[in-house]
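Peer 1: Next comes the structure file upload_27.txt, holding compact mmCIF, C-alpha atoms.
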```txt
# COMPACT_ATOMS: atom_id res chain seq x y z
CA MET J 1 -15.74 -54.40 -19.05
CA THR J 2 -17.00 -52.99 -22.33
CA THR J 3 -19.19 -49.91 -22.56
CA LYS J 4 -22.89 -50.69 -22.82
CA THR J 5 -24.55 -49.51 -26.02
CA PHE J 6 -28.07 -51.04 -25.75
CA VAL J 7 -28.35 -50.63 -29.52
CA LYS J 8 -29.94 -53.50 -31.45
CA PRO J 9 -30.59 -53.47 -35.21
CA LEU J 10 -34.17 -52.36 -35.94
CA SER J 11 -36.17 -51.84 -39.08
CA ALA J 12 -37.55 -48.36 -39.70
CA MET J 13 -41.01 -49.49 -38.57
CA GLU J 14 -39.64 -51.13 -35.42
CA ALA J 15 -37.67 -48.00 -34.59
CA ARG J 16 -40.76 -45.87 -35.07
CA PHE J 17 -42.69 -48.09 -32.68
CA GLU J 18 -39.91 -47.78 -30.10
CA ALA J 19 -40.11 -44.00 -30.45
CA GLN J 20 -43.84 -44.08 -29.71
CA LYS J 21 -43.21 -46.17 -26.59
CA ILE J 22 -40.99 -43.36 -25.36
CA ALA J 23 -43.57 -40.70 -26.28
CA PHE J 24 -46.34 -42.45 -24.34
CA GLY J 25 -44.08 -43.84 -21.60
CA PRO J 26 -45.52 -41.78 -18.71
CA VAL J 27 -49.08 -42.71 -19.73
CA VAL J 28 -48.27 -46.41 -19.81
CA PHE J 29 -46.45 -46.20 -16.48
CA GLN J 30 -49.46 -44.72 -14.70
CA CYS J 31 -52.00 -47.10 -16.22
CA VAL J 32 -49.95 -50.16 -15.34
CA ARG J 33 -49.22 -48.82 -11.86
CA ILE J 34 -52.91 -48.23 -11.14
CA ALA J 35 -53.86 -51.64 -12.51
CA ARG J 36 -51.39 -53.14 -10.07
CA GLN J 37 -52.52 -50.93 -7.19
CA TRP J 38 -56.22 -51.66 -7.74
CA GLY J 39 -55.62 -55.40 -7.68
CA VAL J 40 -56.46 -55.90 -11.36
CA LEU J 41 -53.20 -57.68 -12.11
CA ALA J 42 -53.46 -59.76 -8.93
CA ARG J 43 -56.95 -60.90 -9.85
CA LEU J 44 -55.82 -61.91 -13.34
CA ASP J 45 -52.84 -63.70 -11.81
CA GLN J 46 -55.27 -65.85 -9.82
CA ALA J 47 -57.61 -66.59 -12.72
CA ALA J 48 -56.31 -69.41 -14.91
CA ALA J 49 -59.11 -68.84 -17.41
CA GLY J 50 -58.72 -65.07 -17.37
CA CYS J 51 -61.46 -62.54 -16.67
CA SER J 52 -63.84 -60.43 -18.67
CA ILE J 53 -64.19 -56.72 -17.99
CA ALA J 54 -67.65 -57.34 -16.52
CA GLU J 55 -66.30 -59.97 -14.11
CA LEU J 56 -63.49 -57.71 -13.00
CA ALA J 57 -65.87 -54.79 -12.50
CA GLN J 58 -68.06 -56.90 -10.23
CA GLN J 59 -65.16 -58.40 -8.28
CA LEU J 60 -63.20 -55.19 -7.79
CA GLN J 61 -66.08 -52.72 -7.55
CA ARG J 62 -64.67 -50.54 -10.31
CA SER J 63 -66.45 -49.27 -13.40
CA GLU J 64 -66.13 -51.16 -16.65
CA TYR J 65 -65.03 -47.90 -18.27
CA ALA J 66 -62.13 -47.40 -15.85
CA LEU J 67 -61.01 -51.00 -16.17
CA SER J 68 -61.17 -50.92 -19.95
CA VAL J 69 -58.94 -47.84 -20.05
CA LEU J 70 -56.34 -49.45 -17.79
CA LEU J 71 -56.40 -52.89 -19.36
CA GLU J 72 -56.18 -51.71 -22.95
CA THR J 73 -53.03 -49.81 -22.11
CA CYS J 74 -51.72 -52.85 -20.22
CA LEU J 75 -52.48 -54.87 -23.34
CA SER J 76 -50.47 -52.48 -25.51
CA ALA J 77 -47.52 -52.86 -23.12
CA GLY J 78 -47.58 -56.67 -23.11
CA VAL J 79 -48.60 -56.79 -19.46
CA VAL J 80 -51.79 -58.71 -20.27
CA SER J 81 -53.22 -60.51 -23.31
CA LEU J 82 -56.79 -60.57 -24.63
CA ASP J 83 -58.51 -63.58 -26.14
CA ASP J 84 -62.26 -64.05 -26.60
CA ASP J 85 -62.92 -60.91 -24.53
CA ARG J 86 -61.04 -62.40 -21.59
CA TYR J 87 -57.89 -60.79 -20.22
CA ARG J 88 -55.01 -62.94 -19.01
CA ILE J 89 -51.83 -61.90 -17.28
CA GLU J 90 -48.52 -62.26 -19.12
CA LYS J 91 -44.98 -62.72 -17.79
CA THR J 92 -44.36 -58.98 -17.62
CA GLY J 93 -47.49 -58.58 -15.50
CA GLN J 94 -46.37 -61.37 -13.21
CA LEU J 95 -43.02 -59.65 -12.72
CA LEU J 96 -44.81 -56.42 -11.86
CA LEU J 97 -46.61 -58.35 -9.14
CA HIS J 98 -43.94 -60.65 -7.78
CA ASP J 99 -40.45 -59.38 -8.69
CA GLU J 100 -38.91 -57.37 -5.84
CA LEU J 101 -36.57 -55.35 -8.08
CA THR J 102 -39.51 -54.28 -10.25
CA ARG J 103 -41.63 -53.38 -7.21
CA VAL J 104 -38.86 -51.32 -5.63
CA ASN J 105 -38.08 -49.45 -8.85
CA LEU J 106 -41.72 -48.79 -9.71
CA GLU J 107 -42.62 -47.43 -6.27
CA PHE J 108 -39.46 -45.31 -6.14
CA VAL J 109 -40.29 -43.73 -9.50
CA GLN J 110 -43.90 -43.09 -8.47
CA GLU J 111 -43.38 -41.78 -4.93
CA ILE J 112 -40.04 -40.00 -5.29
CA CYS J 113 -39.43 -39.16 -8.95
CA TYR J 114 -42.63 -38.87 -10.95
CA ALA J 115 -43.95 -35.42 -10.03
CA GLY J 116 -40.49 -33.87 -9.81
CA MET J 117 -39.46 -35.02 -13.27
CA ALA J 118 -41.66 -32.25 -14.66
CA ASP J 119 -38.92 -29.90 -13.37
CA LEU J 120 -35.97 -31.87 -14.77
CA GLU J 121 -35.14 -29.28 -17.44
CA ALA J 122 -34.92 -26.51 -14.86
CA ALA J 123 -32.73 -28.73 -12.67
CA LEU J 124 -30.37 -29.43 -15.55
CA ILE J 125 -30.05 -25.74 -16.42
CA GLU J 126 -29.84 -24.37 -12.87
CA ALA J 127 -27.86 -27.21 -11.19
CA ARG J 128 -30.35 -27.48 -8.35
CA PRO J 129 -32.99 -30.09 -7.38
CA ALA J 130 -35.84 -28.14 -8.93
CA GLY J 131 -38.33 -30.98 -8.49
CA LEU J 132 -37.70 -31.55 -4.79
CA HIS J 133 -40.40 -29.07 -3.76
CA HIS J 134 -42.98 -31.75 -4.56
CA LEU J 135 -41.68 -33.67 -1.53
CA GLY J 136 -40.58 -30.94 0.86
CA PRO J 137 -38.82 -27.59 1.40
CA TRP J 138 -35.23 -28.81 1.87
CA PRO J 139 -32.16 -27.68 -0.10
CA THR J 140 -31.40 -31.34 -0.94
CA VAL J 141 -33.33 -34.52 -0.21
CA TYR J 142 -30.90 -35.80 2.44
CA PRO J 143 -31.80 -33.62 5.46
CA GLY J 144 -35.47 -34.31 4.69
CA LEU J 145 -35.34 -38.11 4.55
CA ARG J 146 -36.79 -38.67 8.01
CA ASP J 147 -39.59 -36.18 7.30
CA LEU J 148 -40.69 -37.47 3.89
CA PRO J 149 -44.36 -38.42 3.53
CA ALA J 150 -44.85 -42.01 4.70
CA ALA J 151 -45.21 -43.60 1.25
CA ALA J 152 -42.26 -41.65 -0.12
CA LYS J 153 -40.06 -42.51 2.87
CA ARG J 154 -40.85 -46.20 2.51
CA ALA J 155 -40.14 -46.09 -1.24
CA TRP J 156 -36.83 -44.21 -0.80
CA PHE J 157 -35.44 -46.54 1.86
CA ASP J 158 -36.73 -49.67 0.10
CA PHE J 159 -34.90 -48.53 -3.04
CA ASP J 160 -31.71 -47.62 -1.21
CA HIS J 161 -31.60 -50.76 0.92
CA HIS J 162 -32.61 -53.17 -1.85
CA TYR J 163 -29.47 -52.33 -3.76
CA SER J 164 -27.02 -51.88 -0.89
CA ASP J 165 -28.19 -54.67 1.43
CA SER J 166 -27.64 -57.30 -1.24
CA ALA J 167 -23.92 -56.46 -1.22
CA PHE J 168 -23.14 -56.20 2.48
CA ALA J 169 -22.58 -59.88 3.27
CA MET J 170 -20.23 -60.30 0.30
CA ALA J 171 -18.30 -57.12 1.11
CA LEU J 172 -17.62 -57.84 4.79
CA PRO J 173 -14.82 -60.44 4.32
CA HIS J 174 -12.94 -58.04 2.02
CA VAL J 175 -13.27 -55.11 4.41
CA PHE J 176 -12.18 -57.16 7.43
CA ALA J 177 -9.44 -59.19 5.70
CA LYS J 178 -6.75 -57.17 7.54
CA ARG J 179 -8.76 -56.98 10.81
CA PRO J 180 -9.10 -53.18 11.06
CA ALA J 181 -9.38 -51.96 14.64
CA ARG J 182 -10.95 -48.63 13.69
CA LEU J 183 -13.38 -48.27 10.78
CA MET J 184 -15.04 -45.05 9.66
CA ASP J 185 -18.37 -45.17 7.81
CA ILE J 186 -18.82 -41.95 5.83
CA GLY J 187 -22.47 -41.52 4.90
CA ALA J 188 -23.70 -43.85 7.60
CA ASN J 189 -27.41 -43.34 6.83
CA THR J 190 -29.49 -45.47 9.23
CA GLY J 191 -26.49 -47.38 10.61
CA LYS J 192 -27.36 -50.61 8.83
CA TRP J 193 -23.84 -51.27 7.52
CA ALA J 194 -22.38 -50.30 10.89
CA ARG J 195 -24.50 -52.96 12.59
CA HIS J 196 -23.24 -55.58 10.14
CA CYS J 197 -19.66 -54.60 10.99
CA LEU J 198 -20.21 -54.58 14.75
CA GLU J 199 -21.77 -58.03 14.62
CA TYR J 200 -19.12 -59.39 12.22
CA ASP J 201 -16.14 -58.36 14.38
CA ALA J 202 -16.61 -58.04 18.13
CA SER J 203 -13.50 -55.89 18.56
CA VAL J 204 -13.90 -53.27 15.82
CA HIS J 205 -14.61 -49.65 16.79
CA LEU J 206 -16.68 -47.58 14.39
CA THR J 207 -16.93 -43.87 13.68
CA LEU J 208 -20.07 -42.82 11.82
CA VAL J 209 -19.97 -39.62 9.76
CA ASP J 210 -23.15 -38.03 8.43
CA LEU J 211 -25.58 -35.14 8.72
CA PRO J 212 -27.04 -34.56 12.20
CA GLU J 213 -30.46 -35.78 11.04
CA GLN J 214 -29.06 -39.11 9.86
CA ILE J 215 -26.72 -39.50 12.84
CA GLY J 216 -29.77 -39.22 15.09
CA VAL J 217 -31.40 -42.15 13.30
CA ALA J 218 -28.22 -44.24 13.35
CA ARG J 219 -27.60 -43.50 17.04
CA ALA J 220 -31.08 -44.74 17.93
CA ASN J 221 -30.60 -47.90 15.86
CA LEU J 222 -27.22 -48.74 17.43
CA GLN J 223 -27.88 -48.11 21.11
CA ASP J 224 -27.04 -51.72 21.99
CA HIS J 225 -23.52 -51.20 20.58
CA ALA J 226 -22.94 -47.73 22.05
CA PRO J 227 -19.50 -48.38 23.65
CA ARG J 228 -17.99 -49.26 20.25
CA VAL J 229 -19.44 -46.40 18.19
CA ASP J 230 -18.45 -42.75 17.88
CA TYR J 231 -20.51 -40.23 15.97
CA CYS J 232 -19.35 -37.28 13.90
CA GLU J 233 -22.08 -34.89 12.83
CA VAL J 234 -20.79 -33.04 9.80
CA ASP J 235 -21.93 -31.58 6.51
CA VAL J 236 -19.54 -33.26 4.09
CA LEU J 237 -20.15 -30.39 1.64
CA ASP J 238 -17.95 -28.27 3.92
CA ALA J 239 -14.56 -29.01 2.39
CA ALA J 240 -12.77 -27.31 5.28
CA THR J 241 -14.07 -29.79 7.86
CA PRO J 242 -11.68 -32.75 8.33
CA PHE J 243 -12.79 -36.29 9.09
CA PRO J 244 -11.63 -38.04 12.28
CA GLY J 245 -8.12 -39.44 11.83
CA GLY J 246 -6.41 -42.68 12.77
CA GLN J 247 -8.62 -44.94 10.65
CA ASP J 248 -7.56 -48.43 9.61
CA ALA J 249 -10.43 -48.65 7.13
CA ILE J 250 -12.86 -46.17 5.62
CA TRP J 251 -16.16 -47.26 4.08
CA MET J 252 -18.40 -45.41 1.65
CA SER J 253 -21.44 -47.24 0.27
CA GLN J 254 -23.61 -45.65 -2.43
CA PHE J 255 -22.34 -42.35 -1.07
CA LEU J 256 -20.05 -40.58 -3.51
CA SER J 257 -22.72 -40.73 -6.22
CA CYS J 258 -24.70 -38.29 -4.07
CA PHE J 259 -22.28 -35.48 -4.95
CA SER J 260 -20.72 -33.55 -7.79
CA THR J 261 -17.24 -34.54 -8.90
CA ALA J 262 -15.85 -31.40 -7.24
CA THR J 263 -17.31 -32.42 -3.88
CA MET J 264 -16.28 -36.03 -4.38
CA ALA J 265 -12.70 -34.82 -4.78
CA THR J 266 -12.78 -33.04 -1.40
CA ILE J 267 -14.33 -36.09 0.32
CA LEU J 268 -11.66 -38.39 -1.07
CA ARG J 269 -8.85 -36.00 -0.08
CA ARG J 270 -10.17 -35.83 3.49
CA ALA J 271 -10.61 -39.60 3.57
CA ALA J 272 -7.00 -40.09 2.46
CA ALA J 273 -5.84 -37.71 5.20
CA SER J 274 -7.79 -39.69 7.84
CA LEU J 275 -6.30 -43.03 6.84
CA ASN J 276 -3.47 -44.76 8.70
CA PRO J 277 -0.42 -45.44 6.50
CA ASP J 278 -1.37 -49.08 5.89
CA GLY J 279 -5.14 -48.51 5.93
CA ARG J 280 -7.65 -48.93 3.13
CA VAL J 281 -10.53 -46.96 1.68
CA PHE J 282 -13.42 -49.12 0.44
CA VAL J 283 -15.94 -47.69 -1.99
CA LEU J 284 -19.04 -49.74 -2.79
CA ASP J 285 -21.25 -48.48 -5.61
CA THR J 286 -23.20 -49.41 -8.72
CA PHE J 287 -21.27 -48.46 -11.87
CA TRP J 288 -23.21 -48.79 -15.09
CA ASP J 289 -20.06 -49.53 -17.09
CA ARG J 290 -19.18 -52.60 -14.98
CA GLN J 291 -22.46 -54.51 -15.30
CA ARG J 292 -22.69 -57.93 -16.93
CA PHE J 293 -26.35 -57.47 -17.85
CA ASP J 294 -28.02 -54.68 -19.78
CA ILE J 295 -30.97 -54.67 -17.37
CA ALA J 296 -28.67 -53.64 -14.50
CA ALA J 297 -26.96 -50.92 -16.53
CA TYR J 298 -30.36 -49.64 -17.67
CA CYS J 299 -31.66 -49.30 -14.11
CA ILE J 300 -28.48 -47.59 -12.93
CA ILE J 301 -28.28 -45.10 -15.80
CA ASN J 302 -31.90 -44.11 -15.36
CA THR J 303 -31.39 -43.36 -11.69
CA SER J 304 -29.25 -40.34 -12.64
CA PRO J 305 -32.20 -38.02 -13.40
CA TYR J 306 -33.43 -38.61 -9.83
CA PHE J 307 -30.20 -37.09 -8.53
CA THR J 308 -30.59 -34.16 -10.91
CA ALA J 309 -34.23 -33.27 -10.35
CA ILE J 310 -34.84 -34.49 -6.79
CA ALA J 311 -31.76 -35.27 -4.73
CA ASN J 312 -29.33 -32.41 -5.21
CA GLY J 313 -29.14 -31.19 -8.81
CA VAL J 314 -25.45 -31.91 -9.32
CA SER J 315 -24.74 -35.65 -9.08
CA LYS J 316 -25.45 -38.81 -11.07
CA MET J 317 -24.55 -42.47 -11.44
CA TYR J 318 -20.91 -42.48 -12.50
CA ARG J 319 -18.56 -44.84 -14.34
CA ALA J 320 -15.99 -46.64 -12.21
CA GLN J 321 -13.13 -44.93 -14.01
CA GLU J 322 -14.38 -41.53 -12.87
CA TYR J 323 -14.10 -42.64 -9.22
CA ILE J 324 -10.65 -44.08 -9.80
CA GLU J 325 -9.34 -40.89 -11.41
CA LEU J 326 -10.72 -38.73 -8.59
CA ALA J 327 -9.24 -41.04 -5.94
CA THR J 328 -5.85 -40.99 -7.67
CA ALA J 329 -5.87 -37.19 -7.68
CA ALA J 330 -6.73 -37.27 -3.96
CA GLY J 331 -3.61 -39.27 -3.11
CA LEU J 332 -5.06 -42.77 -3.20
CA ARG J 333 -4.05 -45.80 -5.24
CA LEU J 334 -6.42 -48.48 -6.52
CA VAL J 335 -5.32 -51.92 -5.30
CA ASP J 336 -8.38 -54.05 -6.01
CA ILE J 337 -11.74 -53.99 -7.76
CA ARG J 338 -14.37 -56.69 -7.29
CA ASP J 339 -17.45 -56.86 -9.51
CA ASP J 340 -20.67 -58.81 -8.99
CA ILE J 341 -20.91 -57.89 -5.32
CA GLY J 342 -24.55 -58.38 -4.41
CA LEU J 343 -27.17 -57.29 -6.90
CA SER J 344 -25.03 -55.03 -9.11
CA HIS J 345 -22.21 -53.51 -7.07
CA SER J 346 -18.47 -53.20 -7.46
CA LEU J 347 -16.12 -52.81 -4.51
CA LEU J 348 -13.12 -50.54 -5.08
CA SER J 349 -10.23 -50.76 -2.60
CA PHE J 350 -7.63 -48.00 -2.26
CA THR J 351 -4.51 -47.42 -0.20
CA ARG J 352 -2.58 -44.20 0.28
CA ALA J 353 -0.35 -43.61 -2.74
```
Write the structure described by the file as structure tokens, please.

Peer 2:
Amino acid sequence: MTTKTFVKPLSAMEARFEAQKIAFGPVVFQCVRIARQWGVLARLDQAAAGCSIAELAQQLQRSEYALSVLLETCLSAGVVSLDDDRYRIEKTGQLLLHDELTRVNLEFVQEICYAGMADLEAALIEARPAGLHHLGPWPTVYPGLRDLPAAAKRAWFDFDHHYSDSAFAMALPHVFAKRPARLMDIGANTGKWARHCLEYDASVHLTLVDLPEQIGVARANLQDHAPRVDYCEVDVLDAATPFPGGQDAIWMSQFLSCFSTATMATILRRAAASLNPDGRVFVLDTFWDRQRFDIAAYCIINTSPYFTAIANGVSKMYRAQEYIELATAAGLRLVDIRDDIGLSHSLLSFTRA
């Protein structure tokens, strides 16, 4: 894989226009979001002949002033077009309405990231999630996930699951190729991956490792599989706490990116120590340097400021090589890497060195 550059030749005038798009980016985001939320884009999507401002005002019970403000910004962003005083939706507007990736990203930015990004500079300087106070009083976002405001909780889990769920079905045959009897899921979250495993192999026994708050959610979701599941409530930030041993396979999905490289190193060392001699560690994550398409790399890179300002202040979206180097230092050896798993994931497989 080659490093993404995103750089395309531009004239001086084109470059200046791109700079203005960045300067007004937050304004455009909010106008487009509200136009979508108010049903303006949906109404235009249904109107083959387009709509005038007056027609929209009557249909949506909004003022012509408010609609003109929103639609003129949408026009500048290529979301709609204007011809003979009638607005029509464009392809970008249709994607904002109908594309699931766009919906998930937009709502995540609005509900989780937007307010807290005002504190990004403080987070970068102080290495703490300075913007998290807009959502709740927790030291990091993770113990507060179940207590997030309803819209924020829905947006966070939709974002998390949209990316991870797309990869699960493709990852299962790789994880179970050697028929592991005992599998440990570190960072089990809601237990969704664990359920996939329990239903894929009727003999596998799982150990779920996570914070007490998340273990409580996973336990409730997996009650029908209780005899084949153990739970380990642990703060993985505590480097002195070992993970349960005797594991044939260890799974971490979109997990290590939640931590600093120093903490990642301790997690990988403890994972290596928990692994049976012929066992494997599987790491599923989205690496921006292993994407075939710029759109995927762009989304992944721009998730990093969320980790800085909101999640914990010290982590980001990493390159695959950074994981590999940390795993090697922890006593693991890379034996396989599979790209194009699900939406944009790579699956790294390690054995003990």

Peer 1: Considering only C-alpha atoms, return as a PDB file with C-alpha atoms, in the frame of the given file whatever protein or nucleic-acid residues lie within 12 Å of Glu90 in chain J, sequence-local ones (same chain, fewer than 6 positions apart) excluded.

Peer 2:
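What landed in part.pdb:
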```pdb
ATOM      1  CA  LEU J  41     -53.200 -57.680 -12.110  1.00  0.00           C
ATOM      2  CA  ALA J  42     -53.460 -59.760  -8.930  1.00  0.00           C
ATOM      3  CA  LEU J  44     -55.820 -61.910 -13.340  1.00  0.00           C
ATOM      4  CA  ASP J  45     -52.840 -63.700 -11.810  1.00  0.00           C
ATOM      5  CA  ALA J  47     -57.610 -66.590 -12.720  1.00  0.00           C
ATOM      6  CA  ALA J  48     -56.310 -69.410 -14.910  1.00  0.00           C
ATOM      7  CA  GLY J  50     -58.720 -65.070 -17.370  1.00  0.00           C
ATOM      8  CA  CYS J  74     -51.720 -52.850 -20.220  1.00  0.00           C
ATOM      9  CA  LEU J  75     -52.480 -54.870 -23.340  1.00  0.00           C
ATOM     10  CA  SER J  76     -50.470 -52.480 -25.510  1.00  0.00           C
ATOM     11  CA  ALA J  77     -47.520 -52.860 -23.120  1.00  0.00           C
ATOM     12  CA  GLY J  78     -47.580 -56.670 -23.110  1.00  0.00           C
ATOM     13  CA  VAL J  79     -48.600 -56.790 -19.460  1.00  0.00           C
ATOM     14  CA  VAL J  80     -51.790 -58.710 -20.270  1.00  0.00           C
ATOM     15  CA  SER J  81     -53.220 -60.510 -23.310  1.00  0.00           C
ATOM     16  CA  LEU J  82     -56.790 -60.570 -24.630  1.00  0.00           C
ATOM     17  CA  LEU J  96     -44.810 -56.420 -11.860  1.00  0.00           C
ATOM     18  CA  LEU J  97     -46.610 -58.350  -9.140  1.00  0.00           C
TER      19      LEU J  97
END
```

Peer 1: Looking at J:Phe24, J:Tyr318, J:Trp156, J:Phe282, which one is nearest to Met184 in chain J, with distances taken over only C-alpha atoms?

Peer 2: J:Phe282

Peer 1: Kindly provide the residues of range 181-211 of chain J that approach range 252-257 of chain J to within 7 Å, each paired with its closest atom pair and their distance in Å to one decimal, based on all atoms listed in the file, listed by chain and increasing number, as CSV.

Peer 2:
```
residue,atom,partner,partner_atom,distance
J:Asp185,CA,J:Met252,CA,6.2
J:Ile186,CA,J:Met252,CA,5.4
J:Gly187,CA,J:Phe255,CA,6.0
```

Peer 1: Name all residues at most 7 Å from Thr351 in chain J (count all atoms listed in the file; drop same-chain ones fewer than 6 positions away) and give them as a list in words.

Peer 2: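 Residues near the query, excluding close chain neighbours: Gly279, Arg280, Val281, Leu332, Arg333, Leu334 and Val335 of chain J.
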
Peer 1: What gap, in Å, lies between CA of Val28 in chain J and CA of Lys316 in chain J?

Peer 2: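 Computed distance, CA of Val28 in chain J to CA of Lys316 in chain J, equals 25.6 Å.
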
Peer 1: Counting only C-alpha atoms, what is within 12 Å of Gly245 in chain J, bar same-chain residues fewer than 6 positions away, as a ChimeraX atom specification?

Peer 2: /J:182-184,207,232,270-277,279

Peer 1: Take CA of Phe168 in chain J and CA of Phe307 in chain J and report the distance between them in Å, one decimal.

Peer 2: 23.2 Å

Peer 1: At a cut-off of 10 Å around the point (-34.6, -30.2, -1.7) (file coordinates), what residues fall inside when counting only C-alpha atoms? I'd like the answer as JSON, numbers by chain.

Peer 2: {"J": [128, 129, 130, 131, 132, 133, 134, 135, 136, 137, 138, 139, 140, 141, 142, 143, 144, 309, 310, 311, 312, 313]}

Peer 1: For range 173-179 of chain J, work out the shell of residues within 9 Å, counting all atoms listed in the file and skipping chain neighbours fewer than 4 positions away, then give it as a PyMOL selection string.

Peer 2: chain J and resi 169+197+200-201+204+248-249+251+279-280+282+347+349

Peer 1: Identify which of the residues J:Asp210, J:Met317, J:Arg154, J:Ile215 lies closest to Cys299 in chain J, counting all atoms listed in the file when measuring atom-to-atom distances.

Peer 2: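 Looking only at the distances to Cys299 in chain J, the closest residue turns out to be J:Met317.
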